[in-house]
Amino acid sequence: MKTITISSHLTVYENLDELPEYASALMQQAIAVRKNAYAPYSKFRVGAALLLDNGKIVLGSNQENAAYPSGLCAERVAIFQAGAIFPDAKIIKMAITAASDTNQTTAPIPPCGACRQSIAEYEFKQETPIEIFFMGEVGAIYKSDSLTNLLPLSFDKNFL
């Protein structure tokens, strides 16, 4: 028997003012699009902004449905839109923010498991890491240099 140790490395920014200018601008777009979320059931609004290697920015907000599995998270809305509109572009940076209609979210809120798997698929496909910034409504922002920090044992097409 042996033990494997897996570690993740994240950079912590205490607030939006500490972010590099490019990350702050991207996060501001995620904050703005978060307001477009359709979240009548969870009252939990998420916005995502992607910067592509062609300079384009693609936005997404969560879209709920009374049949819960039929909705889609902001991250996947943005990723799938980027893949549909700019199929040859690489996603190089992603900003995610989440806020509740019922209480203030002050902790950084990472992507859910399904979104992590979707981000992993695109990192694998493009053979380039995606820099991910995530936050709540206010407070600290976490930065991961790659999805592998959030999903270290990822599943990809090599297992099929």
# chains A, B, ... in the order shown; residues from 1 in each chain; ligands from 1
call {"tool": "residues_around", "arguments": {"residues": "stretch 95-98 of chain A", "least_positions_apart": "5", "cutoff": "8 Å", "atoms": "only C-alpha atoms", "output": "PyMOL selection string"}}
result
chain A and resi 23+26-27+30-31+34+44-50+75+105+108-111+132-137
call {"tool": "write_last_selection", "arguments": {"atoms": "N, CA, C and O atoms", "output": "mmCIF file, in the first residue's frame"}}
result
data_model
loop_
_atom_site.group_PDB
_atom_site.id
_atom_site.type_symbol
_atom_site.label_atom_id
_atom_site.label_comp_id
_atom_site.auth_asym_id
_atom_site.auth_seq_id
_atom_site.Cartn_x
_atom_site.Cartn_y
_atom_site.Cartn_z
ATOM 1 N N ALA A 23 -8.246 40.896 -14.921
ATOM 2 C CA ALA A 23 -9.141 40.019 -14.157
ATOM 3 C C ALA A 23 -10.305 40.810 -13.577
ATOM 4 O O ALA A 23 -11.435 40.323 -13.537
ATOM 5 N N LEU A 26 -12.809 41.446 -16.348
ATOM 6 C CA LEU A 26 -13.558 40.230 -16.660
ATOM 7 C C LEU A 26 -14.574 39.926 -15.554
ATOM 8 O O LEU A 26 -15.724 39.581 -15.834
ATOM 9 N N MET A 27 -14.161 40.096 -14.302
ATOM 10 C CA MET A 27 -15.073 39.848 -13.182
ATOM 11 C C MET A 27 -16.233 40.837 -13.199
ATOM 12 O O MET A 27 -17.374 40.473 -12.885
ATOM 13 N N ALA A 30 -18.754 39.497 -15.423
ATOM 14 C CA ALA A 30 -19.460 38.369 -14.792
ATOM 15 C C ALA A 30 -20.490 38.874 -13.795
ATOM 16 O O ALA A 30 -21.603 38.349 -13.712
ATOM 17 N N ILE A 31 -20.133 39.912 -13.039
ATOM 18 C CA ILE A 31 -21.066 40.510 -12.076
ATOM 19 C C ILE A 31 -22.275 41.087 -12.807
ATOM 20 O O ILE A 31 -23.425 40.891 -12.392
ATOM 21 N N ARG A 34 -24.519 38.339 -14.195
ATOM 22 C CA ARG A 34 -25.180 37.607 -13.095
ATOM 23 C C ARG A 34 -26.602 38.120 -12.901
ATOM 24 O O ARG A 34 -27.504 37.355 -12.569
ATOM 25 N N PHE A 44 -30.499 31.914 -6.438
ATOM 26 C CA PHE A 44 -29.036 31.913 -6.435
ATOM 27 C C PHE A 44 -28.577 32.247 -7.841
ATOM 28 O O PHE A 44 -28.786 31.474 -8.775
ATOM 29 N N ARG A 45 -28.007 33.421 -8.006
ATOM 30 C CA ARG A 45 -27.648 33.938 -9.326
ATOM 31 C C ARG A 45 -26.146 33.824 -9.560
ATOM 32 O O ARG A 45 -25.357 34.224 -8.711
ATOM 33 N N VAL A 46 -25.789 33.282 -10.707
ATOM 34 C CA VAL A 46 -24.378 33.093 -11.047
ATOM 35 C C VAL A 46 -24.108 33.727 -12.402
ATOM 36 O O VAL A 46 -24.916 33.621 -13.323
ATOM 37 N N GLY A 47 -22.959 34.385 -12.503
ATOM 38 C CA GLY A 47 -22.514 34.961 -13.764
ATOM 39 C C GLY A 47 -21.129 34.450 -14.093
ATOM 40 O O GLY A 47 -20.303 34.252 -13.196
ATOM 41 N N ALA A 48 -20.881 34.234 -15.374
ATOM 42 C CA ALA A 48 -19.565 33.781 -15.827
ATOM 43 C C ALA A 48 -19.161 34.596 -17.051
ATOM 44 O O ALA A 48 -19.992 34.905 -17.908
ATOM 45 N N ALA A 49 -17.882 34.929 -17.101
ATOM 46 C CA ALA A 49 -17.321 35.639 -18.250
ATOM 47 C C ALA A 49 -16.053 34.913 -18.677
ATOM 48 O O ALA A 49 -15.198 34.610 -17.837
ATOM 49 N N LEU A 50 -15.949 34.626 -19.966
ATOM 50 C CA LEU A 50 -14.787 33.931 -20.513
ATOM 51 C C LEU A 50 -14.024 34.857 -21.435
ATOM 52 O O LEU A 50 -14.630 35.553 -22.249
ATOM 53 N N GLU A 75 -21.547 28.777 -15.895
ATOM 54 C CA GLU A 75 -20.279 28.373 -16.485
ATOM 55 C C GLU A 75 -20.490 27.563 -17.756
ATOM 56 O O GLU A 75 -19.831 27.790 -18.775
ATOM 57 N N THR A 105 -23.517 36.496 -0.137
ATOM 58 C CA THR A 105 -22.483 35.474 -0.259
ATOM 59 C C THR A 105 -21.122 36.154 -0.159
ATOM 60 O O THR A 105 -20.785 36.998 -0.984
ATOM 61 N N PRO A 108 -15.743 32.769 -1.553
ATOM 62 C CA PRO A 108 -15.617 32.406 -2.964
ATOM 63 C C PRO A 108 -16.378 31.114 -3.255
ATOM 64 O O PRO A 108 -16.266 30.142 -2.516
ATOM 65 N N ILE A 109 -17.172 31.126 -4.311
ATOM 66 C CA ILE A 109 -18.012 29.985 -4.647
ATOM 67 C C ILE A 109 -17.475 29.356 -5.932
ATOM 68 O O ILE A 109 -17.552 29.955 -7.002
ATOM 69 N N PRO A 110 -16.941 28.136 -5.827
ATOM 70 C CA PRO A 110 -16.334 27.488 -6.992
ATOM 71 C C PRO A 110 -17.388 26.863 -7.903
ATOM 72 O O PRO A 110 -18.552 26.740 -7.522
ATOM 73 N N PRO A 111 -16.983 26.450 -9.095
ATOM 74 C CA PRO A 111 -17.912 25.765 -9.990
ATOM 75 C C PRO A 111 -18.390 24.445 -9.383
ATOM 76 O O PRO A 111 -17.650 23.789 -8.646
ATOM 77 N N ILE A 132 -8.864 30.461 -13.744
ATOM 78 C CA ILE A 132 -10.219 30.612 -13.220
ATOM 79 C C ILE A 132 -10.210 31.491 -11.973
ATOM 80 O O ILE A 132 -9.508 31.200 -11.004
ATOM 81 N N PHE A 133 -10.996 32.557 -12.004
ATOM 82 C CA PHE A 133 -11.202 33.429 -10.849
ATOM 83 C C PHE A 133 -12.624 33.200 -10.365
ATOM 84 O O PHE A 133 -13.554 33.184 -11.171
ATOM 85 N N PHE A 134 -12.825 33.036 -9.056
ATOM 86 C CA PHE A 134 -14.194 32.878 -8.566
ATOM 87 C C PHE A 134 -14.371 33.567 -7.217
ATOM 88 O O PHE A 134 -13.448 33.647 -6.421
ATOM 89 N N MET A 135 -15.590 34.072 -7.037
ATOM 90 C CA MET A 135 -15.938 34.826 -5.829
ATOM 91 C C MET A 135 -17.416 34.674 -5.520
ATOM 92 O O MET A 135 -18.179 34.174 -6.341
ATOM 93 N N GLY A 136 -17.802 35.135 -4.327
ATOM 94 C CA GLY A 136 -19.213 35.258 -3.993
ATOM 95 C C GLY A 136 -19.710 36.590 -4.523
ATOM 96 O O GLY A 136 -19.278 37.064 -5.575
ATOM 97 N N GLU A 137 -20.579 37.208 -3.769
ATOM 98 C CA GLU A 137 -21.083 38.531 -4.156
ATOM 99 C C GLU A 137 -20.063 39.609 -3.808
ATOM 100 O O GLU A 137 -19.854 40.560 -4.557
#
call {"tool": "select_by_dssp", "arguments": {"residues": "stretch 25-121 of chain A", "states": "strand (DSSP E or B)", "output": "MDAnalysis selection string"}}
result
chainID A and resid 38 44:52 57:61 63 72 91:100
call {"tool": "write_last_selection", "arguments": {"atoms": "C-alpha atoms", "output": "short mmCIF file (atom, residue, chain, number, x, y, z; two decimals), in the first residue's frame"}}
result
data_model
loop_
_atom_site.label_atom_id
_atom_site.label_comp_id
_atom_site.auth_asym_id
_atom_site.auth_seq_id
_atom_site.Cartn_x
_atom_site.Cartn_y
_atom_site.Cartn_z
CA TYR A 38 -33.15 33.18 -14.37
CA PHE A 44 -29.04 31.91 -6.44
CA ARG A 45 -27.65 33.94 -9.33
CA VAL A 46 -24.38 33.09 -11.05
CA GLY A 47 -22.51 34.96 -13.76
CA ALA A 48 -19.56 33.78 -15.83
CA ALA A 49 -17.32 35.64 -18.25
CA LEU A 50 -14.79 33.93 -20.51
CA LEU A 51 -11.86 35.54 -22.29
CA LEU A 52 -10.93 33.70 -25.48
CA ILE A 57 -15.54 37.71 -24.29
CA VAL A 58 -18.39 35.25 -23.90
CA LEU A 59 -20.90 35.60 -21.06
CA GLY A 60 -23.27 33.22 -19.32
CA SER A 61 -25.74 33.26 -16.44
CA GLN A 63 -30.92 29.44 -16.32
CA LEU A 72 -27.96 25.03 -16.83
CA ILE A 91 -10.68 29.73 -23.40
CA ILE A 92 -7.81 31.37 -21.55
CA LYS A 93 -9.51 33.02 -18.57
CA MET A 94 -12.78 32.59 -16.72
CA ALA A 95 -14.43 34.76 -14.05
CA ILE A 96 -17.31 33.41 -11.94
CA THR A 97 -19.42 35.19 -9.33
CA ALA A 98 -22.44 34.03 -7.35
CA ALA A 99 -24.99 35.89 -5.24
CA SER A 100 -28.11 34.89 -3.35
#
call {"tool": "closest_residue", "arguments": {"among": "A:Asn65, A:Asn54, A:Ser70, A:Thr106", "to": "A:Ile141", "atoms": "only C-alpha atoms"}}
result
A:Thr106
call {"tool": "closest_residue", "arguments": {"among": "A:Pro40, A:Ala66, A:Asp88, A:Asn103", "to": "A:Asp53", "atoms": "only C-alpha atoms"}}
result
A:Asp88
call {"tool": "residues_around", "arguments": {"residues": "A:Leu151", "least_positions_apart": "5", "cutoff": "8 Å", "atoms": "only C-alpha atoms", "output": "number ranges by chain"}}
result
A: 116-117, 120
call {"tool": "write_last_selection", "arguments": {"atoms": "all heavy atoms", "output": "mmCIF file, in the first residue's frame"}}
result
data_model
loop_
_atom_site.group_PDB
_atom_site.id
_atom_site.type_symbol
_atom_site.label_atom_id
_atom_site.label_comp_id
_atom_site.auth_asym_id
_atom_site.auth_seq_id
_atom_site.Cartn_x
_atom_site.Cartn_y
_atom_site.Cartn_z
ATOM 1 N N ARG A 116 -17.207 21.713 -13.401
ATOM 2 C CA ARG A 116 -15.784 21.348 -13.361
ATOM 3 C C ARG A 116 -15.466 20.340 -14.466
ATOM 4 O O ARG A 116 -14.452 20.442 -15.139
ATOM 5 C CB ARG A 116 -15.411 20.773 -11.998
ATOM 6 C CG ARG A 116 -15.422 21.811 -10.907
ATOM 7 C CD ARG A 116 -15.052 21.205 -9.563
ATOM 8 N NE ARG A 116 -15.495 22.099 -8.494
ATOM 9 C CZ ARG A 116 -14.937 22.153 -7.305
ATOM 10 N NH1 ARG A 116 -13.907 21.374 -7.007
ATOM 11 N NH2 ARG A 116 -15.389 22.988 -6.396
ATOM 12 N N GLN A 117 -16.347 19.361 -14.649
ATOM 13 C CA GLN A 117 -16.113 18.373 -15.694
ATOM 14 C C GLN A 117 -16.164 19.024 -17.076
ATOM 15 O O GLN A 117 -15.361 18.695 -17.950
ATOM 16 C CB GLN A 117 -17.134 17.233 -15.599
ATOM 17 C CG GLN A 117 -16.899 16.127 -16.600
ATOM 18 C CD GLN A 117 -15.564 15.425 -16.424
ATOM 19 O OE1 GLN A 117 -15.122 15.183 -15.311
ATOM 20 N NE2 GLN A 117 -14.908 15.110 -17.525
ATOM 21 N N ALA A 120 -12.995 20.933 -17.545
ATOM 22 C CA ALA A 120 -11.924 19.952 -17.781
ATOM 23 C C ALA A 120 -11.929 19.489 -19.232
ATOM 24 O O ALA A 120 -10.865 19.338 -19.849
ATOM 25 C CB ALA A 120 -12.079 18.768 -16.834
#
call {"tool": "select_by_dssp", "arguments": {"residues": "chain A", "states": "alpha helix (DSSP H)", "output": "count of residues only"}}
result
40
call {"tool": "closest_residue", "arguments": {"among": "A:Met1, A:Val138, A:Ala89, A:Ile6", "to": "A:Leu150", "atoms": "only C-alpha atoms"}}
result
A:Ile6
call {"tool": "closest_residue", "arguments": {"among": "A:Asn158, A:Asn36, A:Ser144, A:Asn62", "to": "A:Cys115", "atoms": "only C-alpha atoms"}}
result
A:Asn62
